[in-house]
Amino acid sequence: MTPANRWRDALQGAAPQIGMWIASGNAYSAEICAGSGVDWLMLDQEHVPNDLRSTLAQLQAVAAYPVEVLVRPASGDPVVIKQLLDIGVTNLIVPMVESAEQAAALVASTRYPPNGIRGVGSALARASRWNRTSDYLTTADDSISLTVQVESVAGLDAVEDIASMPGVDAVFIGPADLAASMGHLGRPQIPEVVNAVEQAVSDIVACGTAAGVNAFDETIARRYMAAGARFVLVGADVTILARGSEALAQRYRDTEDTSSNTSI
């Protein structure tokens, strides 16, 4: 039997879902983070060196862990979406959505005909366990969740229409690109951008759709959760490694400086 979509169910729960960005493109790192206790992981293909095979390896590495996995392709190309679904992705998050029409096209990419345009290749696919899941073709549409990412002024202007589109399970706000679109490149934490994100979260929730956002600053992350965000990316494997290794090196540099000063 094809399982129900657990991520969709989790978004209806009482507690916000806390997530981590996997940007290393590495199955070993993904498995380490899968056992960390976070609720969900986002395997990224948009900004990192991740292809179909490396994404598959990460899906296999984290499969044994109690963590939900979303995969973000670099674009909403229906061919790419088809390939991701066939290797077993059940939760998609698609970037740069700016209209209800674009959202509707993405929904169609996740559905088999006559409800959509997804190509039929279940006999070859990990998703159906190579047709060992006997009802896959008739139940697959309901087992897949679609999150669309709004990250521009144009997207904000259409956010209620996007959030109301049947088949869109959640809308995720991308503050970095949104800030750039608003004329504040590199400043997603300024009040104007934070206020815009909060308003978008409120608008999405009012449509009966789950809202998400990324915020690595804990104060802002909690502010977005208080505004109604149901799922939040609060860190990334590569930034944890970068900042952690810098802090480790600096501790020893500081010790060396102190030792040098006291020996004079």
# chains A, B, ... in the order shown; residues from 1 in each chain; ligands from 1
$ select_by_dssp --residues "region 60-108 of chain A" --states "alpha helix (DSSP H)" --output "PDB file with all heavy atoms, in the first residue's frame"
ATOM      1  N   GLN A  60      18.323   7.762   0.428  1.00  0.00           N
ATOM      2  CA  GLN A  60      18.587   6.422   0.956  1.00  0.00           C
ATOM      3  C   GLN A  60      19.255   6.490   2.319  1.00  0.00           C
ATOM      4  O   GLN A  60      18.949   5.688   3.212  1.00  0.00           O
ATOM      5  CB  GLN A  60      19.457   5.656  -0.042  1.00  0.00           C
ATOM      6  CG  GLN A  60      18.736   5.328  -1.346  1.00  0.00           C
ATOM      7  CD  GLN A  60      19.652   4.782  -2.415  1.00  0.00           C
ATOM      8  OE1 GLN A  60      20.804   5.204  -2.537  1.00  0.00           O
ATOM      9  NE2 GLN A  60      19.168   3.841  -3.211  1.00  0.00           N
ATOM     10  N   ALA A  61      20.146   7.472   2.510  1.00  0.00           N
ATOM     11  CA  ALA A  61      20.880   7.579   3.777  1.00  0.00           C
ATOM     12  C   ALA A  61      19.980   7.961   4.937  1.00  0.00           C
ATOM     13  O   ALA A  61      20.212   7.540   6.074  1.00  0.00           O
ATOM     14  CB  ALA A  61      22.007   8.599   3.632  1.00  0.00           C
ATOM     15  N   VAL A  62      18.955   8.764   4.676  1.00  0.00           N
ATOM     16  CA  VAL A  62      18.111   9.253   5.775  1.00  0.00           C
ATOM     17  C   VAL A  62      16.825   8.452   5.943  1.00  0.00           C
ATOM     18  O   VAL A  62      16.050   8.711   6.868  1.00  0.00           O
ATOM     19  CB  VAL A  62      17.768  10.752   5.587  1.00  0.00           C
ATOM     20  CG1 VAL A  62      19.037  11.573   5.411  1.00  0.00           C
ATOM     21  CG2 VAL A  62      16.821  10.971   4.408  1.00  0.00           C
ATOM     22  N   PRO A  78       8.972  20.458 -15.271  1.00  0.00           N
ATOM     23  CA  PRO A  78       8.209  19.220 -15.035  1.00  0.00           C
ATOM     24  C   PRO A  78       9.008  17.950 -15.281  1.00  0.00           C
ATOM     25  O   PRO A  78       8.708  16.909 -14.683  1.00  0.00           O
ATOM     26  CB  PRO A  78       7.025  19.337 -16.011  1.00  0.00           C
ATOM     27  CG  PRO A  78       7.444  20.349 -17.017  1.00  0.00           C
ATOM     28  CD  PRO A  78       8.351  21.297 -16.319  1.00  0.00           C
ATOM     29  N   VAL A  79      10.023  18.012 -16.139  1.00  0.00           N
ATOM     30  CA  VAL A  79      10.860  16.834 -16.360  1.00  0.00           C
ATOM     31  C   VAL A  79      11.678  16.523 -15.108  1.00  0.00           C
ATOM     32  O   VAL A  79      11.786  15.377 -14.674  1.00  0.00           O
ATOM     33  CB  VAL A  79      11.789  17.047 -17.572  1.00  0.00           C
ATOM     34  CG1 VAL A  79      12.758  15.871 -17.710  1.00  0.00           C
ATOM     35  CG2 VAL A  79      10.972  17.219 -18.848  1.00  0.00           C
ATOM     36  N   VAL A  80      12.242  17.568 -14.503  1.00  0.00           N
ATOM     37  CA  VAL A  80      13.006  17.389 -13.265  1.00  0.00           C
ATOM     38  C   VAL A  80      12.091  16.887 -12.149  1.00  0.00           C
ATOM     39  O   VAL A  80      12.457  15.982 -11.386  1.00  0.00           O
ATOM     40  CB  VAL A  80      13.682  18.709 -12.867  1.00  0.00           C
ATOM     41  CG1 VAL A  80      14.320  18.582 -11.488  1.00  0.00           C
ATOM     42  CG2 VAL A  80      14.729  19.107 -13.905  1.00  0.00           C
ATOM     43  N   ILE A  81      10.908  17.458 -12.050  1.00  0.00           N
ATOM     44  CA  ILE A  81       9.951  17.026 -11.028  1.00  0.00           C
ATOM     45  C   ILE A  81       9.605  15.551 -11.222  1.00  0.00           C
ATOM     46  O   ILE A  81       9.553  14.768 -10.259  1.00  0.00           O
ATOM     47  CB  ILE A  81       8.697  17.910 -11.063  1.00  0.00           C
ATOM     48  CG1 ILE A  81       9.034  19.295 -10.500  1.00  0.00           C
ATOM     49  CG2 ILE A  81       7.544  17.263 -10.285  1.00  0.00           C
ATOM     50  CD1 ILE A  81       7.919  20.292 -10.600  1.00  0.00           C
ATOM     51  N   LYS A  82       9.372  15.142 -12.458  1.00  0.00           N
ATOM     52  CA  LYS A  82       9.074  13.737 -12.746  1.00  0.00           C
ATOM     53  C   LYS A  82      10.195  12.828 -12.257  1.00  0.00           C
ATOM     54  O   LYS A  82       9.942  11.789 -11.624  1.00  0.00           O
ATOM     55  CB  LYS A  82       8.862  13.555 -14.251  1.00  0.00           C
ATOM     56  CG  LYS A  82       8.745  12.108 -14.715  1.00  0.00           C
ATOM     57  CD  LYS A  82       8.507  12.022 -16.220  1.00  0.00           C
ATOM     58  CE  LYS A  82       9.665  12.617 -17.011  1.00  0.00           C
ATOM     59  NZ  LYS A  82       9.425  12.520 -18.479  1.00  0.00           N
ATOM     60  N   GLN A  83      11.431  13.207 -12.540  1.00  0.00           N
ATOM     61  CA  GLN A  83      12.567  12.385 -12.121  1.00  0.00           C
ATOM     62  C   GLN A  83      12.677  12.293 -10.602  1.00  0.00           C
ATOM     63  O   GLN A  83      12.961  11.228 -10.055  1.00  0.00           O
ATOM     64  CB  GLN A  83      13.852  12.947 -12.715  1.00  0.00           C
ATOM     65  CG  GLN A  83      13.956  12.795 -14.221  1.00  0.00           C
ATOM     66  CD  GLN A  83      15.243  13.406 -14.757  1.00  0.00           C
ATOM     67  OE1 GLN A  83      15.541  14.570 -14.503  1.00  0.00           O
ATOM     68  NE2 GLN A  83      16.002  12.622 -15.485  1.00  0.00           N
ATOM     69  N   LEU A  84      12.451  13.422  -9.923  1.00  0.00           N
ATOM     70  CA  LEU A  84      12.518  13.411  -8.460  1.00  0.00           C
ATOM     71  C   LEU A  84      11.419  12.533  -7.867  1.00  0.00           C
ATOM     72  O   LEU A  84      11.671  11.753  -6.936  1.00  0.00           O
ATOM     73  CB  LEU A  84      12.414  14.835  -7.927  1.00  0.00           C
ATOM     74  CG  LEU A  84      13.623  15.726  -8.185  1.00  0.00           C
ATOM     75  CD1 LEU A  84      13.330  17.158  -7.744  1.00  0.00           C
ATOM     76  CD2 LEU A  84      14.866  15.201  -7.455  1.00  0.00           C
ATOM     77  N   LEU A  85      10.221  12.640  -8.399  1.00  0.00           N
ATOM     78  CA  LEU A  85       9.133  11.806  -7.893  1.00  0.00           C
ATOM     79  C   LEU A  85       9.434  10.328  -8.123  1.00  0.00           C
ATOM     80  O   LEU A  85       9.160   9.482  -7.258  1.00  0.00           O
ATOM     81  CB  LEU A  85       7.818  12.196  -8.550  1.00  0.00           C
ATOM     82  CG  LEU A  85       7.309  13.616  -8.272  1.00  0.00           C
ATOM     83  CD1 LEU A  85       5.983  13.849  -8.988  1.00  0.00           C
ATOM     84  CD2 LEU A  85       7.160  13.871  -6.780  1.00  0.00           C
ATOM     85  N   ASP A  86      10.017  10.009  -9.263  1.00  0.00           N
ATOM     86  CA  ASP A  86      10.297   8.609  -9.568  1.00  0.00           C
ATOM     87  C   ASP A  86      11.383   8.015  -8.678  1.00  0.00           C
ATOM     88  O   ASP A  86      11.382   6.802  -8.425  1.00  0.00           O
ATOM     89  CB  ASP A  86      10.680   8.448 -11.042  1.00  0.00           C
ATOM     90  CG  ASP A  86       9.477   8.482 -11.975  1.00  0.00           C
ATOM     91  OD1 ASP A  86       8.336   8.452 -11.474  1.00  0.00           O
ATOM     92  OD2 ASP A  86       9.682   8.546 -13.204  1.00  0.00           O
ATOM     93  N   ALA A 100      -0.629  32.306  -9.525  1.00  0.00           N
ATOM     94  CA  ALA A 100      -1.483  31.138  -9.344  1.00  0.00           C
ATOM     95  C   ALA A 100      -1.360  30.200 -10.538  1.00  0.00           C
ATOM     96  O   ALA A 100      -1.429  28.975 -10.383  1.00  0.00           O
ATOM     97  CB  ALA A 100      -2.932  31.585  -9.163  1.00  0.00           C
ATOM     98  N   GLU A 101      -1.160  30.763 -11.729  1.00  0.00           N
ATOM     99  CA  GLU A 101      -1.013  29.938 -12.924  1.00  0.00           C
ATOM    100  C   GLU A 101       0.235  29.064 -12.841  1.00  0.00           C
ATOM    101  O   GLU A 101       0.218  27.888 -13.214  1.00  0.00           O
ATOM    102  CB  GLU A 101      -0.951  30.831 -14.169  1.00  0.00           C
ATOM    103  CG  GLU A 101      -2.247  31.551 -14.498  1.00  0.00           C
ATOM    104  CD  GLU A 101      -2.519  32.746 -13.591  1.00  0.00           C
ATOM    105  OE1 GLU A 101      -1.570  33.229 -12.913  1.00  0.00           O
ATOM    106  OE2 GLU A 101      -3.682  33.193 -13.536  1.00  0.00           O
ATOM    107  N   GLN A 102       1.312  29.650 -12.339  1.00  0.00           N
ATOM    108  CA  GLN A 102       2.547  28.887 -12.163  1.00  0.00           C
ATOM    109  C   GLN A 102       2.350  27.793 -11.130  1.00  0.00           C
ATOM    110  O   GLN A 102       2.811  26.661 -11.306  1.00  0.00           O
ATOM    111  CB  GLN A 102       3.674  29.826 -11.746  1.00  0.00           C
ATOM    112  CG  GLN A 102       5.048  29.200 -11.743  1.00  0.00           C
ATOM    113  CD  GLN A 102       6.135  30.189 -11.320  1.00  0.00           C
ATOM    114  OE1 GLN A 102       5.853  31.360 -11.071  1.00  0.00           O
ATOM    115  NE2 GLN A 102       7.359  29.718 -11.231  1.00  0.00           N
ATOM    116  N   ALA A 103       1.650  28.111 -10.051  1.00  0.00           N
ATOM    117  CA  ALA A 103       1.370  27.108  -9.021  1.00  0.00           C
ATOM    118  C   ALA A 103       0.531  25.973  -9.585  1.00  0.00           C
ATOM    119  O   ALA A 103       0.775  24.796  -9.298  1.00  0.00           O
ATOM    120  CB  ALA A 103       0.672  27.759  -7.836  1.00  0.00           C
ATOM    121  N   ALA A 104      -0.460  26.305 -10.403  1.00  0.00           N
ATOM    122  CA  ALA A 104      -1.320  25.278 -11.001  1.00  0.00           C
ATOM    123  C   ALA A 104      -0.518  24.352 -11.907  1.00  0.00           C
ATOM    124  O   ALA A 104      -0.741  23.132 -11.929  1.00  0.00           O
ATOM    125  CB  ALA A 104      -2.447  25.938 -11.790  1.00  0.00           C
ATOM    126  N   ALA A 105       0.443  24.913 -12.645  1.00  0.00           N
ATOM    127  CA  ALA A 105       1.284  24.093 -13.516  1.00  0.00           C
ATOM    128  C   ALA A 105       2.147  23.134 -12.695  1.00  0.00           C
ATOM    129  O   ALA A 105       2.370  21.985 -13.099  1.00  0.00           O
ATOM    130  CB  ALA A 105       2.160  24.988 -14.390  1.00  0.00           C
ATOM    131  N   LEU A 106       2.600  23.586 -11.537  1.00  0.00           N
ATOM    132  CA  LEU A 106       3.400  22.725 -10.669  1.00  0.00           C
ATOM    133  C   LEU A 106       2.553  21.592 -10.098  1.00  0.00           C
ATOM    134  O   LEU A 106       3.018  20.451  -9.997  1.00  0.00           O
ATOM    135  CB  LEU A 106       4.028  23.544  -9.549  1.00  0.00           C
ATOM    136  CG  LEU A 106       5.097  24.538  -9.995  1.00  0.00           C
ATOM    137  CD1 LEU A 106       5.480  25.457  -8.840  1.00  0.00           C
ATOM    138  CD2 LEU A 106       6.316  23.813 -10.538  1.00  0.00           C
ATOM    139  N   VAL A 107       1.326  21.907  -9.712  1.00  0.00           N
ATOM    140  CA  VAL A 107       0.426  20.863  -9.233  1.00  0.00           C
ATOM    141  C   VAL A 107       0.256  19.797 -10.314  1.00  0.00           C
ATOM    142  O   VAL A 107       0.336  18.586 -10.041  1.00  0.00           O
ATOM    143  CB  VAL A 107      -0.939  21.451  -8.835  1.00  0.00           C
ATOM    144  CG1 VAL A 107      -1.932  20.337  -8.516  1.00  0.00           C
ATOM    145  CG2 VAL A 107      -0.797  22.385  -7.637  1.00  0.00           C
ATOM    146  N   ALA A 108       0.043  20.230 -11.553  1.00  0.00           N
ATOM    147  CA  ALA A 108      -0.138  19.288 -12.660  1.00  0.00           C
ATOM    148  C   ALA A 108       1.090  18.408 -12.851  1.00  0.00           C
ATOM    149  O   ALA A 108       0.975  17.222 -13.210  1.00  0.00           O
ATOM    150  CB  ALA A 108      -0.453  20.050 -13.946  1.00  0.00           C
TER     151      ALA A 108
END
$ residues_around --residues "region 160-167 of chain A" --least-positions-apart "2" --cutoff "9 Å" --atoms "only C-alpha atoms" --output "ChimeraX atom specification"
/A:97-104,106-108,145-146,148,150,155-158,169-171,200,203-211
$ write_last_selection --atoms "N, CA, C and O atoms" --output "compact mmCIF listing (two decimals), in the first residue's frame"
# COMPACT_ATOMS: atom_id res chain seq x y z
N VAL A 97 8.02 31.01 -7.21
CA VAL A 97 6.65 30.97 -7.72
C VAL A 97 6.03 32.35 -7.55
O VAL A 97 6.08 32.93 -6.46
N GLU A 98 5.46 32.88 -8.63
CA GLU A 98 4.98 34.27 -8.61
C GLU A 98 3.53 34.42 -9.05
O GLU A 98 3.03 35.55 -9.08
N SER A 99 2.85 33.32 -9.37
CA SER A 99 1.46 33.45 -9.83
C SER A 99 0.70 32.17 -9.55
O SER A 99 1.28 31.09 -9.41
N ALA A 100 -0.63 32.31 -9.52
CA ALA A 100 -1.48 31.14 -9.34
C ALA A 100 -1.36 30.20 -10.54
O ALA A 100 -1.43 28.97 -10.38
N GLU A 101 -1.16 30.76 -11.73
CA GLU A 101 -1.01 29.94 -12.92
C GLU A 101 0.23 29.06 -12.84
O GLU A 101 0.22 27.89 -13.21
N GLN A 102 1.31 29.65 -12.34
CA GLN A 102 2.55 28.89 -12.16
C GLN A 102 2.35 27.79 -11.13
O GLN A 102 2.81 26.66 -11.31
N ALA A 103 1.65 28.11 -10.05
CA ALA A 103 1.37 27.11 -9.02
C ALA A 103 0.53 25.97 -9.59
O ALA A 103 0.78 24.80 -9.30
N ALA A 104 -0.46 26.30 -10.40
CA ALA A 104 -1.32 25.28 -11.00
C ALA A 104 -0.52 24.35 -11.91
O ALA A 104 -0.74 23.13 -11.93
N LEU A 106 2.60 23.59 -11.54
CA LEU A 106 3.40 22.73 -10.67
C LEU A 106 2.55 21.59 -10.10
O LEU A 106 3.02 20.45 -10.00
N VAL A 107 1.33 21.91 -9.71
CA VAL A 107 0.43 20.86 -9.23
C VAL A 107 0.26 19.80 -10.31
O VAL A 107 0.34 18.59 -10.04
N ALA A 108 0.04 20.23 -11.55
CA ALA A 108 -0.14 19.29 -12.66
C ALA A 108 1.09 18.41 -12.85
O ALA A 108 0.97 17.22 -13.21
N SER A 145 3.20 15.76 -1.49
CA SER A 145 2.88 17.12 -1.07
C SER A 145 3.68 18.12 -1.89
O SER A 145 4.81 17.85 -2.31
N LEU A 146 3.07 19.28 -2.12
CA LEU A 146 3.71 20.34 -2.89
C LEU A 146 3.74 21.62 -2.07
O LEU A 146 2.69 22.13 -1.65
N VAL A 148 5.15 25.52 -2.44
CA VAL A 148 5.68 26.48 -3.40
C VAL A 148 6.37 27.60 -2.64
O VAL A 148 5.93 27.98 -1.54
N VAL A 150 7.53 31.43 -2.34
CA VAL A 150 7.29 32.80 -2.75
C VAL A 150 8.43 33.65 -2.22
O VAL A 150 8.67 33.67 -1.01
N GLY A 155 5.50 37.77 -6.22
CA GLY A 155 4.91 36.63 -5.54
C GLY A 155 4.06 37.04 -4.35
O GLY A 155 2.98 36.48 -4.12
N LEU A 156 4.54 38.02 -3.59
CA LEU A 156 3.75 38.52 -2.45
C LEU A 156 2.42 39.10 -2.92
O LEU A 156 1.38 38.91 -2.27
N ASP A 157 2.45 39.81 -4.03
CA ASP A 157 1.22 40.41 -4.55
C ASP A 157 0.18 39.34 -4.90
O ASP A 157 -1.03 39.61 -4.86
N ALA A 158 0.65 38.15 -5.25
CA ALA A 158 -0.26 37.07 -5.66
C ALA A 158 -0.36 35.96 -4.61
O ALA A 158 -0.92 34.91 -4.89
N ASP A 169 -0.06 22.52 -0.93
CA ASP A 169 -0.20 22.17 0.48
C ASP A 169 0.38 23.22 1.41
O ASP A 169 -0.04 23.34 2.56
N ALA A 170 1.39 23.96 0.94
CA ALA A 170 2.04 24.95 1.79
C ALA A 170 2.75 25.98 0.92
O ALA A 170 3.07 25.73 -0.24
N VAL A 171 2.94 27.15 1.53
CA VAL A 171 3.71 28.22 0.87
C VAL A 171 4.85 28.60 1.79
O VAL A 171 4.66 28.86 2.98
N ALA A 200 2.80 38.15 5.01
CA ALA A 200 2.60 37.04 4.08
C ALA A 200 2.18 35.77 4.81
O ALA A 200 1.28 35.06 4.37
N ASP A 203 -1.40 36.10 5.70
CA ASP A 203 -2.26 35.96 4.52
C ASP A 203 -2.38 34.50 4.10
O ASP A 203 -3.47 34.03 3.72
N ILE A 204 -1.27 33.77 4.14
CA ILE A 204 -1.28 32.36 3.76
C ILE A 204 -2.15 31.54 4.71
O ILE A 204 -2.99 30.74 4.29
N VAL A 205 -1.95 31.76 6.00
CA VAL A 205 -2.72 31.03 7.01
C VAL A 205 -4.22 31.33 6.87
O VAL A 205 -5.07 30.44 7.03
N ALA A 206 -4.55 32.57 6.54
CA ALA A 206 -5.95 32.95 6.37
C ALA A 206 -6.61 32.21 5.22
O ALA A 206 -7.84 32.05 5.19
N CYS A 207 -5.81 31.74 4.27
CA CYS A 207 -6.33 30.95 3.15
C CYS A 207 -6.49 29.48 3.51
O CYS A 207 -6.92 28.67 2.66
N GLY A 208 -6.12 29.11 4.73
CA GLY A 208 -6.21 27.72 5.16
C GLY A 208 -5.05 26.87 4.70
O GLY A 208 -5.15 25.63 4.69
N THR A 209 -3.93 27.51 4.38
CA THR A 209 -2.75 26.82 3.88
C THR A 209 -1.61 26.99 4.88
O THR A 209 -1.49 28.03 5.53
N ALA A 210 -0.77 25.98 5.00
CA ALA A 210 0.37 26.07 5.91
C ALA A 210 1.42 27.03 5.36
O ALA A 210 1.69 27.05 4.16
N ALA A 211 2.01 27.82 6.25
CA ALA A 211 3.04 28.78 5.87
C ALA A 211 4.37 28.37 6.49
O ALA A 211 4.43 27.90 7.62
$ select_by_dssp --residues "region 72-181 of chain A" --states "strand (DSSP E or B)" --output "PyMOL selection string"
chain A and resi 72+91-94+145-150+170-173
$ residues_around --residues "Leu92 (chain A)" --least-positions-apart "5" --cutoff "8 Å" --atoms "only C-alpha atoms" --output "list of chain:residue names"
A:Leu70, A:Val71, A:Arg72, A:Pro73, A:Ile144, A:Ser145, A:Leu146, A:Thr147
$ residues_around --residues "Glu151 (chain A)" --least-positions-apart "2" --cutoff "9 Å" --atoms "only C-alpha atoms" --output "list in words"
Pro95, Met96, Val97, Glu98, Gln149, Val153, Ala154, Gly155, Leu156, Phe172, Ile173, Gly174, Pro175, Ala176, Asp177, Leu178, Ala179 and Ser181 of chain A
$ residues_around --residues "Met20 (chain A)" --least-positions-apart "6" --cutoff "10 Å" --atoms "only C-alpha atoms" --output "list in words"
Ala30, Cys33, Ala34, Ser36, Val38, Asp39, Trp40, Leu41, Met42, Leu43, Val69, Asn214, Phe216, Val232, Leu233, Val234, Gly235, Ala236 and Asp237 of chain A
$ residues_around --residues "Ala123 (chain A)" --least-positions-apart "4" --cutoff "10 Å" --atoms "only C-alpha atoms" --output "CSV table (one decimal) with all heavy atoms, in the first residue's frame"
chain,number,residue,atom,x,y,z
A,86,ASP,N,10.0,10.0,-9.3
A,86,ASP,CA,10.3,8.6,-9.6
A,86,ASP,C,11.4,8.0,-8.7
A,86,ASP,O,11.4,6.8,-8.4
A,86,ASP,CB,10.7,8.4,-11.0
A,86,ASP,CG,9.5,8.5,-12.0
A,86,ASP,OD1,8.3,8.5,-11.5
A,86,ASP,OD2,9.7,8.5,-13.2
A,127,ALA,N,10.0,4.9,-6.5
A,127,ALA,CA,8.9,5.4,-5.8
A,127,ALA,C,7.8,4.3,-5.6
A,127,ALA,O,7.2,4.2,-4.6
A,127,ALA,CB,8.2,6.6,-6.6
A,128,SER,N,7.7,3.4,-6.6
A,128,SER,CA,6.7,2.4,-6.5
A,128,SER,C,7.3,1.0,-6.1
A,128,SER,O,6.6,0.0,-6.1
A,128,SER,CB,6.0,2.2,-7.9
A,128,SER,OG,7.0,1.6,-8.8
A,129,ARG,N,8.6,1.1,-5.6
A,129,ARG,CA,9.3,-0.1,-5.3
A,129,ARG,C,9.3,-1.0,-6.5
A,129,ARG,O,9.1,-2.2,-6.4
A,129,ARG,CB,8.8,-0.8,-4.1
A,129,ARG,CG,8.9,0.1,-2.8
A,129,ARG,CD,10.3,0.4,-2.5
A,129,ARG,NE,10.4,1.2,-1.2
A,129,ARG,CZ,10.5,2.5,-1.2
A,129,ARG,NH1,10.5,3.3,-2.3
A,129,ARG,NH2,10.6,3.2,0.0
A,130,TRP,N,9.4,-0.4,-7.7
A,130,TRP,CA,9.5,-1.1,-9.0
A,130,TRP,C,8.2,-2.0,-9.2
A,130,TRP,O,8.3,-3.2,-9.6
A,130,TRP,CB,10.8,-1.9,-9.1
A,130,TRP,CG,12.0,-1.0,-8.9
A,130,TRP,CD1,12.6,-0.2,-9.9
A,130,TRP,CD2,12.6,-0.7,-7.7
A,130,TRP,NE1,13.5,0.5,-9.3
A,130,TRP,CE2,13.6,0.3,-8.0
A,130,TRP,CE3,12.5,-1.1,-6.3
A,130,TRP,CZ2,14.5,0.8,-7.0
A,130,TRP,CZ3,13.3,-0.6,-5.4
A,130,TRP,CH2,14.3,0.4,-5.7
A,131,ASN,N,7.1,-1.3,-8.9
A,131,ASN,CA,5.8,-1.9,-9.0
A,131,ASN,C,5.5,-3.0,-8.0
A,131,ASN,O,4.5,-3.7,-8.1
A,131,ASN,CB,5.5,-2.5,-10.4
A,131,ASN,CG,4.9,-1.4,-11.3
A,131,ASN,OD1,4.6,-0.3,-10.9
A,131,ASN,ND2,4.8,-1.7,-12.6
A,132,ARG,N,6.3,-3.0,-6.9
A,132,ARG,CA,5.9,-3.9,-5.8
A,132,ARG,C,4.9,-3.3,-5.0
A,132,ARG,O,4.2,-4.0,-4.2
A,132,ARG,CB,7.2,-4.2,-5.0
A,132,ARG,CG,8.2,-5.1,-5.7
A,132,ARG,CD,9.5,-5.1,-5.0
A,132,ARG,NE,10.5,-5.9,-5.7
A,132,ARG,CZ,11.8,-5.8,-5.5
A,132,ARG,NH1,12.3,-5.0,-4.7
A,132,ARG,NH2,12.6,-6.6,-6.2
A,133,THR,N,4.7,-2.0,-5.1
A,133,THR,CA,3.5,-1.3,-4.5
A,133,THR,C,2.4,-1.3,-5.5
A,133,THR,O,2.4,-0.5,-6.4
A,133,THR,CB,3.9,0.2,-4.1
A,133,THR,OG1,5.1,0.2,-3.2
A,133,THR,CG2,2.8,0.8,-3.4
